[in-house]
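Single-structure report; data block below.
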Amino acid sequence: MGKSTFIVKIDNHQKDTWQGEIIWADENKRRRFRSCLEMLKLMNEAWENSDNKEVKKTN
């Protein structure tokens, strides 16, 4: 599995969770999130996509 770099900007916190923006530095992609869970899902999705690219490169 490869490595990914994320920059997380927290704009606000309400109802015991965070809202903000996550930047996937390796691909220079930005996404807004409304909860910690949504942020983690975005990170996981980006990481899985990067793994799929690695598999395609090696085949």
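If you're wondering about the labels, chains in the structure tokens are A, B, ... by order shown, residues count from 1 in each chain, ligands from 1 in order shown.
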For region 14-26 of chain A, find every residue with an atom within 8 Å (counting only C-alpha atoms), except residues of its own chain fewer than 3 positions away, and show them as a compact mmCIF listing (two decimals) with all heavy atoms, in the first residue's frame.
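Writing the result to part-v3.txt gives the following:
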# COMPACT_ATOMS: atom_id res chain seq x y z
N SER A 4 -0.22 8.44 1.35
CA SER A 4 -0.93 9.62 0.87
C SER A 4 -0.76 10.73 1.90
O SER A 4 -0.64 10.47 3.09
CB SER A 4 -2.42 9.33 0.69
OG SER A 4 -2.62 8.40 -0.34
N THR A 5 -0.76 11.95 1.41
CA THR A 5 -0.64 13.12 2.29
C THR A 5 -1.91 13.93 2.20
O THR A 5 -2.37 14.27 1.11
CB THR A 5 0.56 13.99 1.86
OG1 THR A 5 1.73 13.18 1.88
CG2 THR A 5 0.73 15.17 2.78
N PHE A 6 -2.48 14.22 3.37
CA PHE A 6 -3.70 15.01 3.44
C PHE A 6 -3.47 16.23 4.32
O PHE A 6 -2.78 16.15 5.34
CB PHE A 6 -4.85 14.19 4.05
CG PHE A 6 -5.21 13.00 3.23
CD1 PHE A 6 -4.69 11.75 3.53
CD2 PHE A 6 -6.09 13.11 2.17
CE1 PHE A 6 -5.03 10.64 2.79
CE2 PHE A 6 -6.44 12.01 1.42
CZ PHE A 6 -5.90 10.76 1.73
N ILE A 7 -4.05 17.34 3.92
CA ILE A 7 -4.05 18.56 4.73
C ILE A 7 -5.50 18.78 5.15
O ILE A 7 -6.39 18.83 4.30
CB ILE A 7 -3.53 19.77 3.93
CG1 ILE A 7 -2.10 19.49 3.47
CG2 ILE A 7 -3.62 21.04 4.76
CD1 ILE A 7 -1.60 20.46 2.42
N VAL A 8 -5.73 18.88 6.44
CA VAL A 8 -7.09 19.03 6.97
C VAL A 8 -7.21 20.42 7.57
O VAL A 8 -6.44 20.82 8.44
CB VAL A 8 -7.39 17.96 8.04
CG1 VAL A 8 -8.78 18.15 8.60
CG2 VAL A 8 -7.23 16.57 7.46
N LYS A 9 -8.19 21.17 7.08
CA LYS A 9 -8.49 22.51 7.60
C LYS A 9 -9.84 22.46 8.30
O LYS A 9 -10.85 22.16 7.68
CB LYS A 9 -8.54 23.53 6.47
CG LYS A 9 -7.22 23.72 5.77
CD LYS A 9 -7.34 24.78 4.68
CE LYS A 9 -6.01 24.99 4.00
NZ LYS A 9 -6.12 26.02 2.95
N ILE A 10 -9.82 22.71 9.59
CA ILE A 10 -11.05 22.72 10.38
C ILE A 10 -11.58 24.14 10.42
O ILE A 10 -10.92 25.05 10.91
CB ILE A 10 -10.80 22.20 11.81
CG1 ILE A 10 -10.10 20.85 11.81
CG2 ILE A 10 -12.10 22.18 12.60
CD1 ILE A 10 -10.83 19.75 11.12
N ASP A 11 -12.78 24.35 9.87
CA ASP A 11 -13.40 25.67 9.86
C ASP A 11 -14.25 25.90 11.10
O ASP A 11 -14.34 27.02 11.60
CB ASP A 11 -14.29 25.85 8.62
CG ASP A 11 -13.49 25.81 7.33
OD1 ASP A 11 -12.29 26.16 7.35
OD2 ASP A 11 -14.07 25.42 6.31
N LYS A 29 -6.33 17.68 -4.89
CA LYS A 29 -7.80 17.69 -4.92
C LYS A 29 -8.31 18.17 -3.57
O LYS A 29 -7.76 17.84 -2.53
CB LYS A 29 -8.34 16.28 -5.20
CG LYS A 29 -8.01 15.79 -6.59
CD LYS A 29 -8.61 14.43 -6.82
CE LYS A 29 -8.26 13.92 -8.21
NZ LYS A 29 -8.82 12.59 -8.44
N ARG A 30 -9.40 18.94 -3.61
CA ARG A 30 -10.01 19.49 -2.40
C ARG A 30 -11.45 19.04 -2.29
O ARG A 30 -12.16 18.99 -3.29
CB ARG A 30 -10.01 21.02 -2.45
CG ARG A 30 -8.66 21.63 -2.50
CD ARG A 30 -8.76 23.14 -2.76
NE ARG A 30 -7.45 23.72 -2.75
CZ ARG A 30 -6.96 24.43 -1.74
NH1 ARG A 30 -7.72 24.68 -0.70
NH2 ARG A 30 -5.75 24.91 -1.79
N ARG A 31 -11.86 18.72 -1.06
CA ARG A 31 -13.25 18.35 -0.81
C ARG A 31 -13.67 18.93 0.54
O ARG A 31 -12.88 18.94 1.48
CB ARG A 31 -13.42 16.83 -0.77
CG ARG A 31 -13.14 16.10 -2.06
CD ARG A 31 -14.20 16.25 -3.11
NE ARG A 31 -15.50 15.82 -2.68
CZ ARG A 31 -16.00 14.60 -2.82
NH1 ARG A 31 -15.28 13.66 -3.39
NH2 ARG A 31 -17.20 14.30 -2.39
N ARG A 32 -14.90 19.38 0.64
CA ARG A 32 -15.47 19.85 1.89
C ARG A 32 -16.07 18.65 2.63
O ARG A 32 -16.54 17.70 2.02
CB ARG A 32 -16.57 20.88 1.63
CG ARG A 32 -16.17 22.07 0.80
CD ARG A 32 -15.48 23.19 1.46
NE ARG A 32 -16.06 23.59 2.72
CZ ARG A 32 -15.37 24.28 3.64
NH1 ARG A 32 -14.15 24.64 3.41
NH2 ARG A 32 -15.93 24.62 4.77
N PHE A 33 -16.04 18.70 3.96
CA PHE A 33 -16.67 17.65 4.75
C PHE A 33 -17.48 18.29 5.88
O PHE A 33 -17.22 19.41 6.29
CB PHE A 33 -15.64 16.67 5.32
CG PHE A 33 -14.62 17.29 6.23
CD1 PHE A 33 -14.86 17.41 7.58
CD2 PHE A 33 -13.42 17.76 5.72
CE1 PHE A 33 -13.91 17.98 8.42
CE2 PHE A 33 -12.48 18.34 6.55
CZ PHE A 33 -12.73 18.45 7.90
N ARG A 34 -18.51 17.56 6.33
CA ARG A 34 -19.42 18.06 7.35
C ARG A 34 -19.33 17.31 8.67
O ARG A 34 -20.00 17.66 9.63
CB ARG A 34 -20.86 18.01 6.84
CG ARG A 34 -21.08 18.93 5.64
CD ARG A 34 -22.36 18.61 4.96
NE ARG A 34 -22.20 17.25 4.42
CZ ARG A 34 -22.99 16.70 3.54
NH1 ARG A 34 -24.02 17.36 3.08
NH2 ARG A 34 -22.79 15.48 3.10
N SER A 35 -18.51 16.27 8.71
CA SER A 35 -18.35 15.50 9.94
C SER A 35 -17.01 14.77 9.90
O SER A 35 -16.41 14.59 8.84
CB SER A 35 -19.48 14.50 10.10
OG SER A 35 -19.38 13.48 9.14
N CYS A 36 -16.57 14.33 11.06
CA CYS A 36 -15.33 13.54 11.13
C CYS A 36 -15.46 12.26 10.32
O CYS A 36 -14.53 11.86 9.63
CB CYS A 36 -15.00 13.21 12.58
SG CYS A 36 -14.62 14.64 13.58
N MET A 39 -15.06 12.99 6.69
CA MET A 39 -13.65 13.26 6.41
C MET A 39 -12.87 11.95 6.27
O MET A 39 -12.10 11.78 5.33
CB MET A 39 -13.03 14.11 7.52
CG MET A 39 -11.55 14.38 7.33
SD MET A 39 -10.79 15.15 8.77
CE MET A 39 -10.79 13.79 9.93
N MET A 43 -10.89 10.37 2.98
CA MET A 43 -9.49 9.94 3.03
C MET A 43 -9.36 8.49 2.56
O MET A 43 -8.46 8.16 1.78
CB MET A 43 -8.94 10.09 4.45
CG MET A 43 -8.81 11.52 4.89
SD MET A 43 -8.39 11.66 6.62
CE MET A 43 -6.62 11.58 6.52
N ALA A 46 -9.83 8.23 -1.24
CA ALA A 46 -8.64 8.70 -1.96
C ALA A 46 -7.53 7.68 -1.88
O ALA A 46 -6.84 7.39 -2.86
CB ALA A 46 -8.18 10.04 -1.38
- DSSP on the backbone: what in chain A comes out helix (DSSP H, G or I), as a PyMOL selection string? chain A and resi 36-58
Write out as a short mmCIF file (atom, residue, chain, number, x, y, z; two decimals) with N, CA and C atoms, in the first residue's frame the set of residues from chain A that DSSP, computed on the backbone, places in strand (DSSP E).
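The resulting part-v2.cif:
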data_model
loop_
_atom_site.label_atom_id
_atom_site.label_comp_id
_atom_site.auth_asym_id
_atom_site.auth_seq_id
_atom_site.Cartn_x
_atom_site.Cartn_y
_atom_site.Cartn_z
N PHE A 6 -2.48 14.22 3.37
CA PHE A 6 -3.70 15.01 3.44
C PHE A 6 -3.47 16.23 4.32
N ILE A 7 -4.05 17.34 3.92
CA ILE A 7 -4.05 18.56 4.73
C ILE A 7 -5.50 18.78 5.15
N VAL A 8 -5.73 18.88 6.44
CA VAL A 8 -7.09 19.03 6.97
C VAL A 8 -7.21 20.42 7.57
N LYS A 9 -8.19 21.17 7.08
CA LYS A 9 -8.49 22.51 7.60
C LYS A 9 -9.84 22.46 8.30
N ILE A 10 -9.82 22.71 9.59
CA ILE A 10 -11.05 22.72 10.38
C ILE A 10 -11.58 24.14 10.42
N ASP A 11 -12.78 24.35 9.87
CA ASP A 11 -13.40 25.67 9.86
C ASP A 11 -14.25 25.90 11.10
N ASN A 12 -14.89 24.84 11.56
CA ASN A 12 -15.87 24.98 12.63
C ASN A 12 -16.05 23.63 13.32
N HIS A 13 -16.57 23.67 14.51
CA HIS A 13 -16.95 22.42 15.17
C HIS A 13 -18.29 22.65 15.87
N GLN A 14 -19.24 21.82 15.52
CA GLN A 14 -20.58 21.88 16.08
C GLN A 14 -21.06 20.46 16.34
N THR A 17 -18.52 17.47 16.41
CA THR A 17 -17.81 17.00 15.22
C THR A 17 -17.21 18.20 14.49
N TRP A 18 -16.41 17.93 13.47
CA TRP A 18 -15.72 18.97 12.72
C TRP A 18 -16.36 19.19 11.37
N GLN A 19 -16.23 20.43 10.88
CA GLN A 19 -16.57 20.76 9.51
C GLN A 19 -15.37 21.50 8.93
N GLY A 20 -15.09 21.24 7.67
CA GLY A 20 -13.95 21.91 7.06
C GLY A 20 -13.65 21.40 5.68
N GLU A 21 -12.37 21.41 5.35
CA GLU A 21 -11.91 21.03 4.02
C GLU A 21 -10.72 20.09 4.16
N ILE A 22 -10.68 19.10 3.28
CA ILE A 22 -9.54 18.19 3.23
C ILE A 22 -8.90 18.32 1.85
N ILE A 23 -7.59 18.40 1.85
CA ILE A 23 -6.84 18.51 0.60
C ILE A 23 -5.97 17.27 0.47
N TRP A 24 -6.14 16.57 -0.64
CA TRP A 24 -5.29 15.41 -0.94
C TRP A 24 -4.09 15.97 -1.69
N LYS A 29 -6.33 17.68 -4.89
CA LYS A 29 -7.80 17.69 -4.92
C LYS A 29 -8.31 18.17 -3.57
N ARG A 30 -9.40 18.94 -3.61
CA ARG A 30 -10.01 19.49 -2.40
C ARG A 30 -11.45 19.04 -2.29
N ARG A 31 -11.86 18.72 -1.06
CA ARG A 31 -13.25 18.35 -0.81
C ARG A 31 -13.67 18.93 0.54
N ARG A 32 -14.90 19.38 0.64
CA ARG A 32 -15.47 19.85 1.89
C ARG A 32 -16.07 18.65 2.63
N PHE A 33 -16.04 18.70 3.96
CA PHE A 33 -16.67 17.65 4.75
C PHE A 33 -17.48 18.29 5.88
#
